[in-house]
Protein chains: 2
Amino acid sequence: MIENESLGQRLAAGDRGALARLISWAENGDPRFASALAPVWARVGRAWRNGVTGPPGAGKSTLVNALAGALRGADKRVGILAVDPTSPFTGGALLGDRIRMEERSSDAGVFIRSMASRGSHGGLSRAAVDACDAMDIAGIDEILLETVGVGQAEFDVMSAVDTVVVVLCPGAGDGVQAMKAGILEVADVLVVNKSDVAGADRLVLDLEESVAARLGRAREAKGGWKAPVVAASAALGRNIDGLVGAIAAHRAHLERCGLARARRERRLEQVRRVMAQHLDDVLWGAGGVREAAERDLAAGVPPYDVASRLAARVLRGATESSRA
Amino acid sequence: MIENESLGQRLAAGDRGALARLISWAENGDPRFASALAPVWARVGRAWRNGVTGPPGAGKSTLVNALAGALRGADKRVGILAVDPTSPFTGGALLGDRIRMEERSSDAGVFIRSMASRGSHGGLSRAAVDACDAMDIAGIDEILLETVGVGQAEFDVMSAVDTVVVVLCPGAGDGVQAMKAGILEVADVLVVNKSDVAGADRLVLDLEESVAARLGRAREAKGGWKAPVVAASAALGRNIDGLVGAIAAHRAHLERCGLARARRERRLEQVRRVMAQHLDDVLWGAGGVREAAERDLAAGVPPYDVASRLAARVLRGATESSRA
C-alpha cells in the first residue's frame, strides 16, 4: 500500500514510468490501480478527453497523429491511447497504425499507448476510463482516445470522453447512409478526412444537411450543440487547425454549460459499473449464491425465477441492514 | 397473468403467433416473457441449438438456408434466428440476406425471425437465449442461430448454443491467420464455404493443421472433441449433407459426455446475468444508491472507493439477513 501511494505521487509528478505501469494495471484490472490513484485523486479533471472514432479505413490513426502534432505546437502535453476491442474473429491491434504513431514517441511531451480488450463486456471501457484518469493525473493536457473498431464496445468507450470526433472519408458509399443515425447521435465534431478525394464535398454537404435536420430531442441531449463538419486531410496536413478549432469550440460550449454535469454523470456510470462487477464477483465467488442457484435450477425453477429469488434475498438483506 | 399463462400453453402447442409474440417480448426485454414461459418451462431442452457464425461475406445466410433445407428433408421442424448486434456505425440487419431467407417462410415447418440488439451490453445474448427457449418449447427440433457480425456480442451469443458452426471462405487472405485463435477456441464444426473457389483446398488443409495443433488445455475444454473441417458450397448445394453429418457427430459426442453439464453451466450463466441486471435496476432506480454515490463523489471520494463502500453495504445486509 505504501508502495502504491508513492506510485501515485510519482504519477502526479508526471513520471512516465509510473504512468506506464498504472495503465498496465488498468488494462489488467489489477486492484492496485485504485489504491495507487486514491491518494492523488483530487488532481483528476484537468485533462481534456477527446475521442476519435469512425469506420475502418477512415484514417483515424493518421488524424490522431496530425492532431497530436498540432496540439504539441500549442505546447500541450498530449496522451494518445489507442483502444482495440479485440474481436474473437479479427484478432488484435492494427500494428501498422501503431507503428506510424510511434513516430511521435521520441517527443517527451507525447505519451503513446495502445490497449487491447481482455474480452469481457465493459472491461475495455472501464480500462480506458482508468487509463485516462491516470494520464489526467500525470499532467497530460489533451488525451486522444482512438478506437480501432466500430462496435458497441467502441461506442461505450466514446461515452466516456468530453469531445467525440467522428472521422469519415469519401468513397465509403452506402455505408454512410446506414451509419448516419448512430454517428449523429454520438458525434460532437464530424471530420471528412481525405478531403482531396473525389466525393469529399458531397459528403460534407450530406453530413451538414443531416446535422441540420437533426432537431428536437437529439439536439437537446447535447445542450443545443450542433456538430460542425470539418473537411481535412490528415495525410496532407490540411485543415488540422480547423479541427483543433472545432474541438476548442465544443470545449468552450461545454464549459459554458453542461460539462460539470456530464462529468458527474460519467463518474456515476463508472461507480455503477464497478459496483456491479464487485457484486457479481462476490455473489458468484466462493460462499456465494451458486449452490442455491444450482439447487433451484435442478428443481426445475425457471431461470428468471431463480434470478429474482436470489436478487430479492440480497436486496431484502440490504434494506433490513440499512433500516437497522 | 392468466393471459400470459394461456400464451405459454399456446406456445407449447406450437402456435406460431404465440411464438412470434414471445420472441418480440424477448427482443424488447418485456417482463411478461418470463411469466408466460414459467408454466411451460418443463418443456424446454428438446431442441438442438446450432450457432452459425463467421466473418462478413463468408456466406452464412446462404449456408443457413441450405442447412434448413437439408433438415426439412429429414422432417425436422426448423427455427432460424438471425441476430444482429446493431453497431452504432453500421446500422441494422443486412436486408438482402433476410429476404433470401424468406424463401423458406411459406413452409410451415420453418420459423424465421431476425432480431436486432437494443444496444445494451449483453442484451442481445439474453434475448437470443430467450428466443431459443421459446422456439424450443414451441416444438422446434433444430434451431439455427445466425449472427451477422464478428464482435464480442456475437461471441457471447455463440456461447449459448450446443454446436457452434464457424463459416469461412477462401480469399479472406491475411485475416484468416489473425482469426484462427479465436475461431478454433469457439468452433465445434468448421465450414469452408464456396468450396469451388480457388484456395478452398488450401484453407481446408490450413484449418485442419491448426485444429490438429491445438492440443492440451484448449481441446480439454471441448471434452476431447476435434472440430472437423467441412468443405461445402451452400450456393451450389454441395456437401450440405457432410455438414449435417458433422453437426450430428458433434451432437452424439456431447450426448455421450458433457451435454448436461454444459447446459447447466449455461443456465447458471443466464441466472447470473439476469440477476445482475435485476440488482442494477433496483439499486440504481428510485430509492436506490444513486444519492449516496453522488454525495460521496461530491465529497471527493474516488469512484472505486465509492463503489466498494456501496457494494459492501449491500453485501453486509445480505449476509446479516441470511444469518438471521
# chains A, B, ... in the order shown; residues from 1 in each chain; ligands from 1

$ residues_around --residues "Ala160 in chain B" --least-positions-apart "2" --cutoff "12 Å" --atoms "only C-alpha atoms" --output "PyMOL selection string"
chain B and resi 48-52+122+124-133+143+145+153-158+162-164+186+262-270

$ write_last_selection --atoms "C-alpha atoms" --output "PDB file, in the first residue's frame"
ATOM      1  CA  TRP B  48     -30.797 -28.737 -30.646  1.00  0.00           C
ATOM      2  CA  ARG B  49     -29.268 -25.271 -30.749  1.00  0.00           C
ATOM      3  CA  ASN B  50     -26.880 -24.623 -33.600  1.00  0.00           C
ATOM      4  CA  GLY B  51     -24.986 -21.369 -33.904  1.00  0.00           C
ATOM      5  CA  VAL B  52     -23.678 -20.249 -37.288  1.00  0.00           C
ATOM      6  CA  GLY B 122     -25.361  -8.453 -23.047  1.00  0.00           C
ATOM      7  CA  LEU B 124     -28.651  -9.406 -27.298  1.00  0.00           C
ATOM      8  CA  SER B 125     -27.384 -12.662 -25.889  1.00  0.00           C
ATOM      9  CA  ARG B 126     -30.105 -12.555 -23.226  1.00  0.00           C
ATOM     10  CA  ALA B 127     -32.727 -12.022 -25.909  1.00  0.00           C
ATOM     11  CA  ALA B 128     -31.243 -14.734 -28.122  1.00  0.00           C
ATOM     12  CA  VAL B 129     -31.329 -17.273 -25.303  1.00  0.00           C
ATOM     13  CA  ASP B 130     -34.930 -16.328 -24.553  1.00  0.00           C
ATOM     14  CA  ALA B 131     -35.921 -16.657 -28.204  1.00  0.00           C
ATOM     15  CA  CYS B 132     -34.270 -20.087 -28.378  1.00  0.00           C
ATOM     16  CA  ASP B 133     -36.123 -21.171 -25.244  1.00  0.00           C
ATOM     17  CA  ILE B 143     -32.567 -24.039 -34.050  1.00  0.00           C
ATOM     18  CA  LEU B 145     -28.946 -19.118 -34.689  1.00  0.00           C
ATOM     19  CA  ALA B 153     -21.632  -9.725 -28.835  1.00  0.00           C
ATOM     20  CA  GLU B 154     -21.676 -12.478 -31.474  1.00  0.00           C
ATOM     21  CA  PHE B 155     -19.143 -14.398 -29.460  1.00  0.00           C
ATOM     22  CA  ASP B 156     -21.427 -14.228 -26.423  1.00  0.00           C
ATOM     23  CA  VAL B 157     -24.395 -15.361 -28.479  1.00  0.00           C
ATOM     24  CA  MET B 158     -22.369 -18.363 -29.650  1.00  0.00           C
ATOM     25  CA  ASP B 162     -24.944 -26.548 -28.310  1.00  0.00           C
ATOM     26  CA  THR B 163     -22.995 -26.671 -31.573  1.00  0.00           C
ATOM     27  CA  VAL B 164     -21.050 -23.732 -32.985  1.00  0.00           C
ATOM     28  CA  VAL B 186     -15.173 -21.343 -30.370  1.00  0.00           C
ATOM     29  CA  ALA B 262     -22.676 -27.647 -20.442  1.00  0.00           C
ATOM     30  CA  ARG B 263     -26.370 -26.834 -20.438  1.00  0.00           C
ATOM     31  CA  ARG B 264     -26.409 -26.492 -16.651  1.00  0.00           C
ATOM     32  CA  GLU B 265     -23.467 -24.097 -16.826  1.00  0.00           C
ATOM     33  CA  ARG B 266     -25.258 -22.038 -19.469  1.00  0.00           C
ATOM     34  CA  ARG B 267     -28.372 -21.807 -17.309  1.00  0.00           C
ATOM     35  CA  LEU B 268     -26.267 -20.671 -14.373  1.00  0.00           C
ATOM     36  CA  GLU B 269     -24.678 -18.049 -16.614  1.00  0.00           C
ATOM     37  CA  GLN B 270     -28.163 -16.905 -17.607  1.00  0.00           C
TER      38      GLN B 270
END

$ residues_around --residues "range 304-312 of chain B" --least-positions-apart "4" --cutoff "6 Å" --atoms "only C-alpha atoms" --output "list of chain:residue names"
A:Val271, A:Met275, B:Arg316

$ write_last_selection --atoms "N, CA and C atoms" --output "mmCIF file, in the first residue's frame"
data_model
loop_
_atom_site.group_PDB
_atom_site.id
_atom_site.type_symbol
_atom_site.label_atom_id
_atom_site.label_comp_id
_atom_site.auth_asym_id
_atom_site.auth_seq_id
_atom_site.Cartn_x
_atom_site.Cartn_y
_atom_site.Cartn_z
ATOM 1 N N VAL A 271 -19.051 4.348 -11.262
ATOM 2 C CA VAL A 271 -19.345 3.731 -9.962
ATOM 3 C C VAL A 271 -20.322 2.577 -10.148
ATOM 4 N N MET A 275 -19.336 -1.152 -9.244
ATOM 5 C CA MET A 275 -20.121 -1.777 -8.182
ATOM 6 C C MET A 275 -20.765 -3.080 -8.677
ATOM 7 N N ARG B 316 -23.178 -6.724 3.103
ATOM 8 C CA ARG B 316 -23.266 -6.892 4.553
ATOM 9 C C ARG B 316 -24.707 -7.183 4.935
#

$ residues_around --residues "Ser233 in chain B" --least-positions-apart "5" --cutoff "10 Å" --atoms "only C-alpha atoms" --output "PyMOL selection string"
chain B and resi 59+62-63+66+169+191-197+238-240

$ residues_around --residues "Gly73 in chain B" --least-positions-apart "4" --cutoff "12 Å" --atoms "only C-alpha atoms" --output "number ranges by chain"
B: 66-69, 77-78, 107, 109-110, 240-241, 244

$ residues_around --residues "range 81-85 of chain B" --least-positions-apart "2" --cutoff "6 Å" --atoms "only C-alpha atoms" --output "PyMOL selection string"
chain B and resi 93+113-117+145-148

$ atom_distance --atom1 "CA of Leu7 in chain A" --atom2 "CA of Arg32 in chain A"
10.2 Å

$ atom_distance --atom1 "CA of Met135 in chain B" --atom2 "CA of Arg10 in chain B"
12.2 Å

$ closest_residue --among "A:Gly223, A:Pro56, A:Gly79, A:Pro170" --to "chain B" --atoms "only C-alpha atoms"
A:Pro56

$ closest_residue --among "B:Arg290, B:Arg272, B:Arg214, B:Lys76" --to "Glu142 in chain B" --atoms "only C-alpha atoms"
B:Lys76

$ residues_around --residues "Gly17 in chain B" --least-positions-apart "2" --cutoff "12 Å" --atoms "only C-alpha atoms" --output "PyMOL selection string"
chain B and resi 7-8+10-15+19-24+111+134-135+138

$ closest_residue --among "B:Val229, B:Leu297, B:Ala74, B:Ala235" --to "chain A" --atoms "only C-alpha atoms"
B:Leu297

$ atom_distance --atom1 "CA of Gly245 in chain A" --atom2 "CA of Gly171 in chain A"
25.8 Å

$ residues_around --residues "His250 in chain A" --least-positions-apart "2" --cutoff "12 Å" --atoms "only C-alpha atoms" --output "MDAnalysis selection string"
chainID A and resid 48:50 162:165 187:190 222:228 243:248 252:259

$ closest_residue --among "B:Ala286, B:Val161, B:Leu168, B:Ala276" --to "chain A" --atoms "only C-alpha atoms"
B:Ala276

$ closest_residue --among "B:Arg251, B:Ile183, B:Ala18, B:Val167" --to "Ala47 in chain B" --atoms "only C-alpha atoms"
B:Arg251

$ select_by_dssp --residues "range 233-279 of chain B" --states "helix (DSSP H, G or I)" --output "ChimeraX atom specification"
/B:240-256,259-279

$ write_last_selection --atoms "N, CA and C atoms" --output "mmCIF file, in the first residue's frame"
data_model
loop_
_atom_site.group_PDB
_atom_site.id
_atom_site.type_symbol
_atom_site.label_atom_id
_atom_site.label_comp_id
_atom_site.auth_asym_id
_atom_site.auth_seq_id
_atom_site.Cartn_x
_atom_site.Cartn_y
_atom_site.Cartn_z
ATOM 1 N N ILE B 240 -23.760 -30.290 -48.270
ATOM 2 C CA ILE B 240 -24.539 -29.849 -47.115
ATOM 3 C C ILE B 240 -24.805 -31.052 -46.200
ATOM 4 N N ASP B 241 -24.953 -32.214 -46.816
ATOM 5 C CA ASP B 241 -25.105 -33.433 -46.025
ATOM 6 C C ASP B 241 -23.886 -33.689 -45.151
ATOM 7 N N GLY B 242 -22.706 -33.368 -45.694
ATOM 8 C CA GLY B 242 -21.481 -33.524 -44.908
ATOM 9 C C GLY B 242 -21.531 -32.646 -43.668
ATOM 10 N N LEU B 243 -22.053 -31.444 -43.836
ATOM 11 C CA LEU B 243 -22.170 -30.533 -42.699
ATOM 12 C C LEU B 243 -23.194 -31.054 -41.692
ATOM 13 N N VAL B 244 -24.333 -31.520 -42.209
ATOM 14 C CA VAL B 244 -25.356 -32.084 -41.315
ATOM 15 C C VAL B 244 -24.762 -33.251 -40.527
ATOM 16 N N GLY B 245 -23.963 -34.068 -41.214
ATOM 17 C CA GLY B 245 -23.324 -35.209 -40.553
ATOM 18 C C GLY B 245 -22.336 -34.767 -39.478
ATOM 19 N N ALA B 246 -21.573 -33.723 -39.775
ATOM 20 C CA ALA B 246 -20.594 -33.238 -38.795
ATOM 21 C C ALA B 246 -21.290 -32.702 -37.549
ATOM 22 N N ILE B 247 -22.407 -32.017 -37.777
ATOM 23 C CA ILE B 247 -23.171 -31.500 -36.634
ATOM 24 C C ILE B 247 -23.735 -32.666 -35.822
ATOM 25 N N ALA B 248 -24.242 -33.674 -36.524
ATOM 26 C CA ALA B 248 -24.795 -34.849 -35.830
ATOM 27 C C ALA B 248 -23.716 -35.552 -35.014
ATOM 28 N N ALA B 249 -22.499 -35.601 -35.580
ATOM 29 C CA ALA B 249 -21.400 -36.254 -34.853
ATOM 30 C C ALA B 249 -21.067 -35.469 -33.588
ATOM 31 N N HIS B 250 -21.072 -34.151 -33.698
ATOM 32 C CA HIS B 250 -20.799 -33.339 -32.510
ATOM 33 C C HIS B 250 -21.895 -33.535 -31.466
ATOM 34 N N ARG B 251 -23.117 -33.591 -31.940
ATOM 35 C CA ARG B 251 -24.234 -33.815 -31.022
ATOM 36 C C ARG B 251 -24.085 -35.152 -30.290
ATOM 37 N N ALA B 252 -23.744 -36.187 -31.061
ATOM 38 C CA ALA B 252 -23.577 -37.512 -30.455
ATOM 39 C C ALA B 252 -22.453 -37.485 -29.418
ATOM 40 N N HIS B 253 -21.384 -36.775 -29.758
ATOM 41 C CA HIS B 253 -20.263 -36.648 -28.829
ATOM 42 C C HIS B 253 -20.712 -35.989 -27.521
ATOM 43 N N LEU B 254 -21.441 -34.872 -27.665
ATOM 44 C CA LEU B 254 -21.890 -34.147 -26.472
ATOM 45 C C LEU B 254 -22.873 -34.982 -25.662
ATOM 46 N N GLU B 255 -23.736 -35.702 -26.370
ATOM 47 C CA GLU B 255 -24.731 -36.501 -25.654
ATOM 48 C C GLU B 255 -24.069 -37.633 -24.872
ATOM 49 N N ARG B 256 -22.926 -38.113 -25.392
ATOM 50 C CA ARG B 256 -22.171 -39.117 -24.635
ATOM 51 C C ARG B 256 -21.533 -38.482 -23.407
ATOM 52 N N LEU B 259 -22.968 -32.861 -22.298
ATOM 53 C CA LEU B 259 -24.102 -32.016 -22.686
ATOM 54 C C LEU B 259 -24.857 -31.480 -21.471
ATOM 55 N N ALA B 260 -25.191 -32.376 -20.546
ATOM 56 C CA ALA B 260 -25.984 -31.950 -19.383
ATOM 57 C C ALA B 260 -25.218 -30.886 -18.599
ATOM 58 N N ARG B 261 -23.926 -31.123 -18.405
ATOM 59 C CA ARG B 261 -23.151 -30.168 -17.633
ATOM 60 C C ARG B 261 -23.040 -28.829 -18.361
ATOM 61 N N ALA B 262 -22.797 -28.890 -19.675
ATOM 62 C CA ALA B 262 -22.676 -27.647 -20.442
ATOM 63 C C ALA B 262 -23.975 -26.849 -20.379
ATOM 64 N N ARG B 263 -25.092 -27.546 -20.492
ATOM 65 C CA ARG B 263 -26.370 -26.834 -20.438
ATOM 66 C C ARG B 263 -26.636 -26.271 -19.046
ATOM 67 N N ARG B 264 -26.257 -27.022 -18.019
ATOM 68 C CA ARG B 264 -26.409 -26.492 -16.651
ATOM 69 C C ARG B 264 -25.573 -25.227 -16.474
ATOM 70 N N GLU B 265 -24.342 -25.268 -16.957
ATOM 71 C CA GLU B 265 -23.467 -24.097 -16.826
ATOM 72 C C GLU B 265 -24.067 -22.888 -17.553
ATOM 73 N N ARG B 266 -24.669 -23.146 -18.721
ATOM 74 C CA ARG B 266 -25.258 -22.038 -19.469
ATOM 75 C C ARG B 266 -26.457 -21.454 -18.731
ATOM 76 N N ARG B 267 -27.236 -22.314 -18.085
ATOM 77 C CA ARG B 267 -28.372 -21.807 -17.309
ATOM 78 C C ARG B 267 -27.876 -20.975 -16.127
ATOM 79 N N LEU B 268 -26.817 -21.448 -15.484
ATOM 80 C CA LEU B 268 -26.267 -20.671 -14.373
ATOM 81 C C LEU B 268 -25.795 -19.304 -14.867
ATOM 82 N N GLU B 269 -25.157 -19.296 -16.027
ATOM 83 C CA GLU B 269 -24.678 -18.049 -16.614
ATOM 84 C C GLU B 269 -25.862 -17.113 -16.882
ATOM 85 N N GLN B 270 -26.957 -17.697 -17.356
ATOM 86 C CA GLN B 270 -28.163 -16.905 -17.607
ATOM 87 C C GLN B 270 -28.702 -16.316 -16.295
ATOM 88 N N VAL B 271 -28.793 -17.146 -15.271
ATOM 89 C CA VAL B 271 -29.260 -16.663 -13.968
ATOM 90 C C VAL B 271 -28.363 -15.520 -13.485
ATOM 91 N N ARG B 272 -27.062 -15.717 -13.667
ATOM 92 C CA ARG B 272 -26.100 -14.708 -13.220
ATOM 93 C C ARG B 272 -26.342 -13.374 -13.916
ATOM 94 N N ARG B 273 -26.539 -13.425 -15.214
ATOM 95 C CA ARG B 273 -26.748 -12.180 -15.970
ATOM 96 C C ARG B 273 -28.072 -11.520 -15.606
ATOM 97 N N VAL B 274 -29.126 -12.347 -15.522
ATOM 98 C CA VAL B 274 -30.447 -11.783 -15.213
ATOM 99 C C VAL B 274 -30.440 -11.178 -13.810
ATOM 100 N N MET B 275 -29.793 -11.878 -12.886
ATOM 101 C CA MET B 275 -29.721 -11.384 -11.515
ATOM 102 C C MET B 275 -28.946 -10.064 -11.454
ATOM 103 N N ALA B 276 -27.844 -9.991 -12.181
ATOM 104 C CA ALA B 276 -27.044 -8.756 -12.181
ATOM 105 C C ALA B 276 -27.875 -7.592 -12.710
ATOM 106 N N GLN B 277 -28.627 -7.843 -13.769
ATOM 107 C CA GLN B 277 -29.466 -6.798 -14.353
ATOM 108 C C GLN B 277 -30.531 -6.348 -13.355
ATOM 109 N N HIS B 278 -31.117 -7.329 -12.690
ATOM 110 C CA HIS B 278 -32.154 -7.055 -11.705
ATOM 111 C C HIS B 278 -31.598 -6.206 -10.551
ATOM 112 N N LEU B 279 -30.453 -6.612 -10.025
ATOM 113 C CA LEU B 279 -29.835 -5.853 -8.930
ATOM 114 C C LEU B 279 -29.519 -4.432 -9.380
#
